[in-house]
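input-v4.json (JSON, C-alpha atoms and all ligand atoms) appears below.
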```
[["chain", "number", "residue", "atom", "x", "y", "z"],
["A", 1, "MET", "CA", 14.06, -27.98, 12.37],
["A", 2, "ILE", "CA", 11.61, -25.30, 11.25],
["A", 3, "LYS", "CA", 13.20, -22.19, 9.86],
["A", 4, "GLY", "CA", 11.77, -18.72, 9.45],
["A", 5, "ARG", "CA", 12.76, -15.36, 8.02],
["A", 6, "ILE", "CA", 13.03, -12.50, 10.45],
["A", 7, "HIS", "CA", 13.49, -8.80, 9.82],
["A", 8, "SER", "CA", 15.10, -7.98, 13.20],
["A", 9, "TYR", "CA", 14.46, -8.08, 16.93],
["A", 10, "GLU", "CA", 14.42, -5.63, 19.81],
["A", 11, "SER", "CA", 15.32, -6.95, 23.24],
["A", 12, "CYS", "CA", 13.56, -4.34, 25.37],
["A", 13, "GLY", "CA", 10.34, -3.12, 23.73],
["A", 14, "THR", "CA", 8.03, -0.93, 25.79],
["A", 15, "VAL", "CA", 5.10, -0.33, 23.42],
["A", 16, "ASP", "CA", 4.15, -3.78, 22.10],
["A", 17, "GLY", "CA", 2.08, -5.32, 24.86],
["A", 18, "PRO", "CA", 2.22, -5.43, 28.65],
["A", 19, "GLY", "CA", 5.52, -4.93, 30.51],
["A", 20, "LEU", "CA", 8.93, -5.08, 28.86],
["A", 21, "ARG", "CA", 8.92, -7.24, 25.74],
["A", 22, "PHE", "CA", 11.34, -9.03, 23.50],
["A", 23, "VAL", "CA", 9.93, -8.02, 20.09],
["A", 24, "LEU", "CA", 10.61, -10.31, 17.17],
["A", 25, "PHE", "CA", 9.90, -8.68, 13.81],
["A", 26, "MET", "CA", 9.08, -11.24, 11.13],
["A", 27, "GLN", "CA", 9.84, -10.69, 7.46],
["A", 28, "GLY", "CA", 7.03, -10.50, 4.89],
["A", 29, "CYS", "CA", 3.76, -8.59, 4.76],
["A", 30, "PRO", "CA", 0.89, -8.70, 2.22],
["A", 31, "LEU", "CA", -0.34, -5.24, 3.20],
["A", 32, "ARG", "CA", 0.98, -1.95, 1.85],
["A", 33, "CYS", "CA", -0.10, 0.52, 4.53],
["A", 34, "LEU", "CA", 0.57, 4.06, 3.35],
["A", 35, "TYR", "CA", 2.02, 4.91, 6.77],
["A", 36, "CYS", "CA", 4.21, 1.80, 7.13],
["A", 37, "HIS", "CA", 7.44, 2.42, 9.09],
["A", 38, "ASN", "CA", 9.03, -0.78, 7.83],
["A", 39, "PRO", "CA", 8.60, -1.17, 4.05],
["A", 40, "ASP", "CA", 11.85, -3.16, 4.20],
["A", 41, "SER", "CA", 9.85, -5.88, 6.00],
["A", 42, "TRP", "CA", 7.45, -6.41, 3.07],
["A", 43, "LYS", "CA", 9.41, -8.71, 0.79],
["A", 44, "MET", "CA", 9.34, -12.31, 1.94],
["A", 45, "SER", "CA", 12.74, -13.14, 0.47],
["A", 46, "ASP", "CA", 14.56, -10.36, 2.38],
["A", 47, "GLY", "CA", 15.58, -10.53, 6.04],
["A", 48, "LYS", "CA", 17.55, -13.31, 7.68],
["A", 49, "GLU", "CA", 16.81, -17.02, 7.94],
["A", 50, "VAL", "CA", 16.91, -18.41, 11.49],
["A", 51, "GLU", "CA", 16.00, -21.62, 13.29],
["A", 52, "VAL", "CA", 13.39, -21.79, 16.02],
["A", 53, "ASP", "CA", 15.84, -22.89, 18.74],
["A", 54, "GLU", "CA", 18.27, -20.13, 17.89],
["A", 55, "VAL", "CA", 15.55, -17.51, 18.38],
["A", 56, "VAL", "CA", 14.17, -19.11, 21.55],
["A", 57, "GLU", "CA", 17.66, -19.23, 23.10],
["A", 58, "GLU", "CA", 18.03, -15.51, 22.40],
["A", 59, "ILE", "CA", 14.61, -14.75, 23.93],
["A", 60, "LYS", "CA", 15.41, -16.79, 27.05],
["A", 61, "LYS", "CA", 18.37, -14.52, 27.83],
["A", 62, "TYR", "CA", 15.89, -11.76, 28.72],
["A", 63, "ARG", "CA", 13.55, -13.90, 30.79],
["A", 64, "SER", "CA", 14.32, -12.23, 34.13],
["A", 65, "TYR", "CA", 13.42, -8.69, 33.08],
["A", 66, "MET", "CA", 10.37, -9.94, 31.19],
["A", 67, "ARG", "CA", 9.15, -11.71, 34.30],
["A", 68, "PHE", "CA", 10.03, -8.84, 36.64],
["A", 69, "SER", "CA", 8.08, -6.32, 34.51],
["A", 70, "GLY", "CA", 5.10, -8.54, 33.69],
["A", 71, "GLY", "CA", 6.28, -8.64, 30.08],
["A", 72, "GLY", "CA", 7.18, -11.36, 27.60],
["A", 73, "LEU", "CA", 7.62, -12.02, 23.91],
["A", 74, "THR", "CA", 5.76, -10.16, 21.15],
["A", 75, "ILE", "CA", 6.03, -11.44, 17.59],
["A", 76, "SER", "CA", 5.38, -8.58, 15.19],
["A", 77, "GLY", "CA", 6.33, -7.77, 11.63],
["A", 78, "GLY", "CA", 5.84, -7.52, 8.82],
["A", 79, "GLU", "CA", 2.94, -9.86, 9.31],
["A", 80, "PRO", "CA", 3.82, -12.74, 11.66],
["A", 81, "LEU", "CA", 1.01, -14.97, 10.38],
["A", 82, "MET", "CA", 2.71, -15.18, 6.97],
["A", 83, "GLN", "CA", 4.98, -17.78, 8.63],
["A", 84, "PRO", "CA", 2.54, -19.65, 10.85],
["A", 85, "LYS", "CA", 4.54, -22.85, 11.41],
["A", 86, "PHE", "CA", 7.65, -21.04, 12.58],
["A", 87, "VAL", "CA", 5.69, -18.58, 14.72],
["A", 88, "ARG", "CA", 3.62, -21.34, 16.31],
["A", 89, "GLU", "CA", 6.74, -23.29, 17.21],
["A", 90, "VAL", "CA", 8.41, -20.25, 18.81],
["A", 91, "LEU", "CA", 5.23, -19.51, 20.79],
["A", 92, "GLN", "CA", 4.91, -23.12, 21.91],
["A", 93, "LYS", "CA", 8.52, -23.30, 23.09],
["A", 94, "CYS", "CA", 8.20, -19.99, 24.96],
["A", 95, "ARG", "CA", 5.03, -21.24, 26.62],
["A", 96, "GLU", "CA", 6.96, -24.31, 27.80],
["A", 97, "GLU", "CA", 9.47, -21.86, 29.32],
["A", 98, "ASN", "CA", 6.67, -19.93, 31.06],
["A", 99, "ILE", "CA", 7.31, -16.84, 28.92],
["A", 100, "HIS", "CA", 4.20, -14.76, 28.23],
["A", 101, "THR", "CA", 3.50, -14.41, 24.50],
["A", 102, "ALA", "CA", 1.70, -12.02, 22.17],
["A", 103, "ILE", "CA", 1.44, -11.53, 18.42],
["A", 104, "ASP", "CA", 0.90, -8.21, 16.71],
["A", 105, "THR", "CA", -1.15, -8.85, 13.57],
["A", 106, "SER", "CA", -3.26, -7.04, 11.00],
["A", 107, "GLY", "CA", -5.65, -10.01, 11.05],
["A", 108, "ILE", "CA", -5.33, -10.26, 7.26],
["A", 109, "ILE", "CA", -4.77, -14.05, 7.25],
["A", 110, "ASP", "CA", -7.88, -16.23, 7.49],
["A", 111, "PRO", "CA", -8.04, -17.05, 11.25],
["A", 112, "GLU", "CA", -9.34, -20.56, 10.59],
["A", 113, "LYS", "CA", -6.15, -21.33, 8.65],
["A", 114, "VAL", "CA", -3.93, -20.16, 11.52],
["A", 115, "ALA", "CA", -6.10, -21.37, 14.40],
["A", 116, "ASP", "CA", -3.20, -23.32, 15.91],
["A", 117, "VAL", "CA", -1.15, -20.11, 16.18],
["A", 118, "TYR", "CA", -3.99, -18.36, 17.99],
["A", 119, "ASP", "CA", -4.30, -21.39, 20.28],
["A", 120, "ALA", "CA", -0.59, -21.19, 21.12],
["A", 121, "VAL", "CA", -0.46, -17.47, 21.98],
["A", 122, "ASP", "CA", -1.54, -15.78, 25.22],
["A", 123, "MET", "CA", -2.82, -12.55, 23.71],
["A", 124, "VAL", "CA", -3.23, -10.73, 20.39],
["A", 125, "LEU", "CA", -2.48, -7.12, 19.49],
["A", 126, "LEU", "CA", -4.94, -6.67, 16.63],
["A", 127, "ASP", "CA", -4.36, -3.73, 14.29],
["A", 128, "ILE", "CA", -7.65, -2.60, 12.80],
["A", 129, "LYS", "CA", -6.72, -0.08, 10.16],
["A", 130, "VAL", "CA", -10.05, 1.64, 9.50],
["A", 131, "PHE", "CA", -13.74, 0.76, 9.72],
["A", 132, "ASP", "CA", -14.64, 1.53, 6.13],
["A", 133, "GLU", "CA", -14.33, -0.78, 3.16],
["A", 134, "ALA", "CA", -13.28, 1.74, 0.50],
["A", 135, "ILE", "CA", -10.81, 3.64, 2.71],
["A", 136, "HIS", "CA", -9.32, 0.34, 3.92],
["A", 137, "LYS", "CA", -8.58, -0.68, 0.34],
["A", 138, "GLU", "CA", -6.98, 2.68, -0.39],
["A", 139, "LEU", "CA", -4.98, 2.76, 2.84],
["A", 140, "VAL", "CA", -3.56, -0.77, 2.91],
["A", 141, "ALA", "CA", -4.27, -2.19, -0.58],
["A", 142, "GLN", "CA", -6.20, -5.20, 0.81],
["A", 143, "PRO", "CA", -9.91, -5.89, 1.40],
["A", 144, "TRP", "CA", -11.21, -5.35, 4.94],
["A", 145, "GLU", "CA", -13.39, -8.45, 5.52],
["A", 146, "MET", "CA", -10.59, -10.60, 6.92],
["A", 147, "PRO", "CA", -9.49, -8.31, 9.78],
["A", 148, "LEU", "CA", -13.14, -8.13, 10.89],
["A", 149, "LYS", "CA", -13.50, -11.91, 10.59],
["A", 150, "THR", "CA", -10.34, -12.26, 12.69],
["A", 151, "ALA", "CA", -11.70, -9.91, 15.36],
["A", 152, "ARG", "CA", -14.93, -11.93, 15.59],
["A", 153, "TYR", "CA", -13.03, -15.23, 15.59],
["A", 154, "LEU", "CA", -10.82, -14.10, 18.49],
["A", 155, "ALA", "CA", -13.95, -13.07, 20.40],
["A", 156, "LYS", "CA", -15.49, -16.48, 19.74],
["A", 157, "ILE", "CA", -12.48, -18.33, 21.14],
["A", 158, "GLY", "CA", -12.19, -15.88, 24.06],
["A", 159, "LYS", "CA", -8.64, -14.78, 23.23],
["A", 160, "ARG", "CA", -7.36, -11.74, 25.11],
["A", 161, "VAL", "CA", -7.10, -8.81, 22.62],
["A", 162, "TRP", "CA", -5.64, -5.31, 22.67],
["A", 163, "LEU", "CA", -6.96, -3.43, 19.66],
["A", 164, "ARG", "CA", -4.58, -0.97, 17.98],
["A", 165, "HIS", "CA", -5.48, 1.83, 15.62],
["A", 166, "VAL", "CA", -3.26, 4.31, 13.78],
["A", 167, "LEU", "CA", -4.74, 7.80, 13.81],
["A", 168, "VAL", "CA", -3.98, 9.45, 10.46],
["A", 169, "PRO", "CA", -5.17, 13.07, 9.98],
["A", 170, "GLY", "CA", -7.58, 13.36, 7.07],
["A", 171, "ILE", "CA", -7.85, 9.56, 6.63],
["A", 172, "THR", "CA", -8.67, 7.66, 9.85],
["A", 173, "ALA", "CA", -8.91, 10.60, 12.27],
["A", 174, "LYS", "CA", -12.56, 11.22, 11.49],
["A", 175, "PRO", "CA", -15.23, 11.05, 14.22],
["A", 176, "GLU", "CA", -17.70, 9.03, 12.12],
["A", 177, "LEU", "CA", -15.07, 6.34, 11.40],
["A", 178, "LEU", "CA", -13.86, 6.26, 15.00],
["A", 179, "HIS", "CA", -17.43, 5.85, 16.29],
["A", 180, "LYS", "CA", -17.98, 2.87, 13.98],
["A", 181, "LEU", "CA", -14.75, 1.22, 15.07],
["A", 182, "ALA", "CA", -15.38, 1.91, 18.76],
["A", 183, "GLN", "CA", -18.88, 0.46, 18.51],
["A", 184, "PHE", "CA", -17.55, -2.65, 16.79],
["A", 185, "ALA", "CA", -14.83, -3.07, 19.45],
["A", 186, "ALA", "CA", -17.28, -2.54, 22.31],
["A", 187, "GLU", "CA", -19.43, -5.40, 21.03],
["A", 188, "LEU", "CA", -16.51, -7.84, 21.34],
["A", 189, "ASP", "CA", -16.25, -9.17, 24.92],
["A", 190, "ASN", "CA", -12.55, -9.99, 24.61],
["A", 191, "VAL", "CA", -11.21, -6.50, 23.75],
["A", 192, "GLU", "CA", -9.72, -5.44, 27.05],
["A", 193, "HIS", "CA", -7.78, -2.37, 25.90],
["A", 194, "VAL", "CA", -7.51, -0.01, 22.92],
["A", 195, "GLU", "CA", -4.33, 1.76, 21.84],
["A", 196, "ILE", "CA", -4.36, 4.84, 19.64],
["A", 197, "LEU", "CA", -1.13, 5.24, 17.67],
["A", 198, "PRO", "CA", -0.81, 8.83, 16.43],
["A", 199, "PHE", "CA", 0.50, 9.00, 12.86],
["A", 200, "HIS", "CA", 4.01, 10.34, 12.31],
["A", 201, "LYS", "CA", 6.42, 10.10, 9.41],
["A", 202, "MET", "CA", 9.23, 8.12, 10.99],
["A", 203, "GLY", "CA", 9.41, 5.63, 8.14],
["A", 204, "GLU", "CA", 9.40, 8.15, 5.27],
["A", 205, "TYR", "CA", 13.16, 7.98, 4.70],
["A", 206, "LYS", "CA", 12.96, 4.17, 4.25],
["A", 207, "TRP", "CA", 10.39, 4.58, 1.47],
["A", 208, "GLN", "CA", 12.73, 7.01, -0.26],
["A", 209, "GLU", "CA", 15.74, 4.74, 0.23],
["A", 210, "MET", "CA", 13.81, 1.88, -1.35],
["A", 211, "GLY", "CA", 12.70, 4.04, -4.29],
["A", 212, "PHE", "CA", 8.99, 3.99, -3.29],
["A", 213, "LYS", "CA", 6.79, 7.04, -3.43],
["A", 214, "TYR", "CA", 5.68, 8.06, 0.06],
["A", 215, "GLN", "CA", 2.13, 9.34, -0.42],
["A", 216, "LEU", "CA", 1.65, 10.82, 3.05],
["A", 217, "GLY", "CA", 4.49, 13.34, 2.78],
["A", 218, "ASP", "CA", 2.05, 16.27, 3.14],
["A", 219, "THR", "CA", 0.00, 14.67, 5.91],
["A", 220, "PRO", "CA", 0.69, 16.29, 9.31],
["A", 221, "SER", "CA", 1.33, 14.27, 12.45],
["A", 222, "ALA", "CA", -1.81, 13.63, 14.52],
["A", 223, "SER", "CA", -2.41, 16.61, 16.81],
["A", 224, "ARG", "CA", -3.00, 16.45, 20.57],
["A", 225, "ASP", "CA", -6.63, 17.53, 19.97],
["A", 226, "GLU", "CA", -7.20, 14.76, 17.44],
["A", 227, "VAL", "CA", -5.73, 12.20, 19.82],
["A", 228, "GLU", "CA", -7.86, 13.47, 22.73],
["A", 229, "GLU", "CA", -10.97, 13.41, 20.57],
["A", 230, "ALA", "CA", -10.29, 9.81, 19.53],
["A", 231, "ILE", "CA", -9.71, 8.76, 23.13],
["A", 232, "GLY", "CA", -12.99, 10.41, 24.13],
["A", 233, "ILE", "CA", -14.90, 8.55, 21.40],
["A", 234, "PHE", "CA", -13.56, 5.14, 22.46],
["A", 235, "GLU", "CA", -14.18, 5.93, 26.12],
["A", 236, "SER", "CA", -17.78, 6.86, 25.34],
["A", 237, "TYR", "CA", -18.33, 3.19, 24.42],
["A", 238, "GLY", "CA", -16.96, 2.05, 27.77],
["A", 239, "LEU", "CA", -13.57, 0.99, 26.38],
["A", 240, "ASP", "CA", -10.26, 1.31, 28.19],
["A", 241, "VAL", "CA", -8.08, 3.39, 25.87],
["A", 242, "GLN", "CA", -4.75, 5.18, 25.78],
["A", 243, "ALA", "CA", -2.48, 6.81, 23.23],
["A", 244, "VAL", "CA", 0.86, 5.13, 22.56],
["A", 245, "GLU", "CA", 3.41, 7.60, 21.20],
["B", 301, "LIG", "S1", 0.75, -4.31, 8.34],
["B", 301, "LIG", "FE1", 2.52, -3.36, 9.36],
["B", 301, "LIG", "S2", 4.32, -4.09, 8.23],
["B", 301, "LIG", "FE2", 2.54, -4.50, 6.95],
["B", 301, "LIG", "S3", 2.39, -2.72, 5.60],
["B", 301, "LIG", "FE3", 1.07, -2.33, 7.35],
["B", 301, "LIG", "S4", 2.30, -1.20, 8.81],
["B", 301, "LIG", "FE4", 3.72, -2.15, 7.32]]
```
Serialized structure, structure tokens:
Amino acid sequence: MIKGRIHSYESCGTVDGPGLRFVLFMQGCPLRCLYCHNPDSWKMSDGKEVEVDEVVEEIKKYRSYMRFSGGGLTISGGEPLMQPKFVREVLQKCREENIHTAIDTSGIIDPEKVADVYDAVDMVLLDIKVFDEAIHKELVAQPWEMPLKTARYLAKIGKRVWLRHVLVPGITAKPELLHKLAQFAAELDNVEHVEILPFHKMGEYKWQEMGFKYQLGDTPSASRDEVEEAIGIFESYGLDVQAVE
């Protein structure tokens, strides 16, 4: 029996894919996004060890509302592709139960190494952090090539994608960066929707509790004008876009 480490789950998520979703948060993430709400999901050895069947049985309890709302399962994190065998098995078993599936990923794992996970999932919520190499490194402490490779790979295999982007004042909320990202997204045939996630400081207290320095303490939340401007930029490339608060 394959085991995995999870951070937590939420039985009735409304912002992680279509319809009402069972959201499974996996433990472990190689990124260090400055705006992360869940720094307690970073360390691979934390969280709780569970078996695939145990998780699938829990998910199945919510099948009727998932079906009724056009929802399903979303595996998020942390970074779900840090535990590809476990995640693939959960996805496969849910598919056998006719439960719609999605993963929410930063695309930081080489897509060719986790191709069987992408094969097993119905759609991908792909978080592109910023379309600039230097700012990407500063913002998430990882190089940016892999998320772009993942985006192109998912286009090549024709996987349904919703692209997600966190709008951070003074960092990602800049028209020139948003134009570059929107142009990139518009060139990918499989991006059917874009979600703008306005920055807020919900996770700040967790950083403090864990003894980490929260560097965005002086950064304001994204304003209504900044959100509207970002939506307008994505729309100008013919993309379907909305803000998710
Ligand atoms: S990818 Fe998600 S979990 Fe990982 S550091 Fe960034 S925001 Fe946090």
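Counting only C-alpha atoms and all ligand atoms and comparing A:Phe199, A:Phe131, A:Phe86, A:Tyr118, the residue that lies closest to ligand LIG 301 (chain B) is A:Phe199.
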(request) Kindly provide, as an MDAnalysis selection string, all nucleotide and amino acid residues lying within 8 Å of ligand LIG 301 (chain B), counting all atoms listed in the file. (result) chainID A and resid 28:39 41:42 77:79 105:106 127 140
(message) Could you tell me how far CA of Lys61 (chain A) sits from CA of His193 (chain A), in Å to one decimal place?
(response) 28.9 Å
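One distance worth recording is that between CA of Ala120 (chain A) and CA of Cys94 (chain A), which is 9.7 Å.
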(request) Find the residues near region 186-191 of chain A: any atom within 7 Å, counting all atoms listed in the file, skip ones fewer than 5 places away on the same chain, and give them as a PyMOL selection string. (result) chain A and resi 155+158-163+237+239
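Minimum distance to Arg152 (chain A) across A:Leu125, A:Leu81, A:Leu139, A:Ala185 (counting all atoms listed in the file) occurs at A:Ala185.
Among the candidates A:Phe22, A:Glu96, A:Ser45, A:Val56, the residue lying nearest to Gly70 (chain A) is A:Phe22 (atoms considered: all atoms listed in the file).
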(request) Could you check how far CA of Pro143 (chain A) sits from CA of Met123 (chain A), in Å to one decimal? (result) 24.3 Å
(message) I'd like the neighbourhood of region 47-54 of chain A as a PyMOL selection string, where a residue qualifies if any of its atoms comes within 7 Å (using only C-alpha atoms), though same-chain residues fewer than 3 positions away should be ignored.
(response) chain A and resi 1-7+27+57-58+86+89-90
Wanna dump the region 123-166 of chain A-region 170-176 of chain A contacts at 12 Å for me, each residue with its shortest atom pair and the distance in Å to one decimal, counting all atoms listed in the file, ordered by chain and number, as a tab-separated table?
```
residue	atom	partner	partner_atom	distance
A:Ile128	CA	A:Thr172	CA	10.7
A:Lys129	CA	A:Thr172	CA	8.0
A:Val130	CA	A:Thr172	CA	6.2
A:Phe131	CA	A:Thr172	CA	8.6
A:Asp132	CA	A:Thr172	CA	9.3
A:Ala134	CA	A:Ile171	CA	11.3
A:Ile135	CA	A:Ile171	CA	7.7
A:His136	CA	A:Thr172	CA	9.4
A:Glu138	CA	A:Ile171	CA	9.9
A:Leu139	CA	A:Ile171	CA	8.3
A:Val140	CA	A:Ile171	CA	11.8
A:His165	CA	A:Thr172	CA	8.8
A:Val166	CA	A:Thr172	CA	7.5
```
Now that the selection is made, can you save its residues with C-alpha atoms as an mmCIF file, keeping the file's coordinate frame?
```
data_model
loop_
_atom_site.group_PDB
_atom_site.id
_atom_site.type_symbol
_atom_site.label_atom_id
_atom_site.label_comp_id
_atom_site.auth_asym_id
_atom_site.auth_seq_id
_atom_site.Cartn_x
_atom_site.Cartn_y
_atom_site.Cartn_z
ATOM 1 C CA ILE A 128 -7.650 -2.600 12.800
ATOM 2 C CA LYS A 129 -6.720 -0.080 10.160
ATOM 3 C CA VAL A 130 -10.050 1.640 9.500
ATOM 4 C CA PHE A 131 -13.740 0.760 9.720
ATOM 5 C CA ASP A 132 -14.640 1.530 6.130
ATOM 6 C CA ALA A 134 -13.280 1.740 0.500
ATOM 7 C CA ILE A 135 -10.810 3.640 2.710
ATOM 8 C CA HIS A 136 -9.320 0.340 3.920
ATOM 9 C CA GLU A 138 -6.980 2.680 -0.390
ATOM 10 C CA LEU A 139 -4.980 2.760 2.840
ATOM 11 C CA VAL A 140 -3.560 -0.770 2.910
ATOM 12 C CA HIS A 165 -5.480 1.830 15.620
ATOM 13 C CA VAL A 166 -3.260 4.310 13.780
#
```
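Among the candidate residues A:Arg95, A:Leu154, A:Val55, A:Leu181, the one lying nearest to Ala115 (chain A) is A:Leu154, with distances computed using all atoms listed in the file.
Ranking A:Leu91, A:Ala151, A:Asp104, A:Lys85 by their shortest atom-to-atom distance to Asp16 (chain A), with all atoms listed in the file included, puts A:Asp104 first.
If you measure from each of A:Glu145, A:Glu245, A:Asp46, A:Glu209 to Ala222 (chain A) using only C-alpha atoms, the closest one turns out to be A:Glu245.
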I want to know what sits within 10 Å of Glu112 (chain A), based on all atoms listed in the file, with residues of the same chain fewer than 6 positions away left out; could you give that as a compact mmCIF listing (two decimals) with C-alpha atoms, in the frame of the given file?
```
# COMPACT_ATOMS: atom_id res chain seq x y z
CA TYR A 118 -3.99 -18.36 17.99
CA LYS A 149 -13.50 -11.91 10.59
CA THR A 150 -10.34 -12.26 12.69
CA TYR A 153 -13.03 -15.23 15.59
```
For Gly17 (chain A), find every residue with an atom within 8 Å (counting only C-alpha atoms), except residues of its own chain fewer than 6 positions away, and show them as a compact mmCIF listing (two decimals) with C-alpha atoms, in the coordinates of the input.
```txt
# COMPACT_ATOMS: atom_id res chain seq x y z
CA GLY A 71 6.28 -8.64 30.08
CA THR A 74 5.76 -10.16 21.15
CA ALA A 102 1.70 -12.02 22.17
CA LEU A 125 -2.48 -7.12 19.49
```
(request) For Val227 (chain A), work out the shell of residues within 8 Å, counting all atoms listed in the file and skipping chain neighbours fewer than 4 positions away, then give it as a ChimeraX atom specification. (result) /A:167,196,198,222-223,231,243
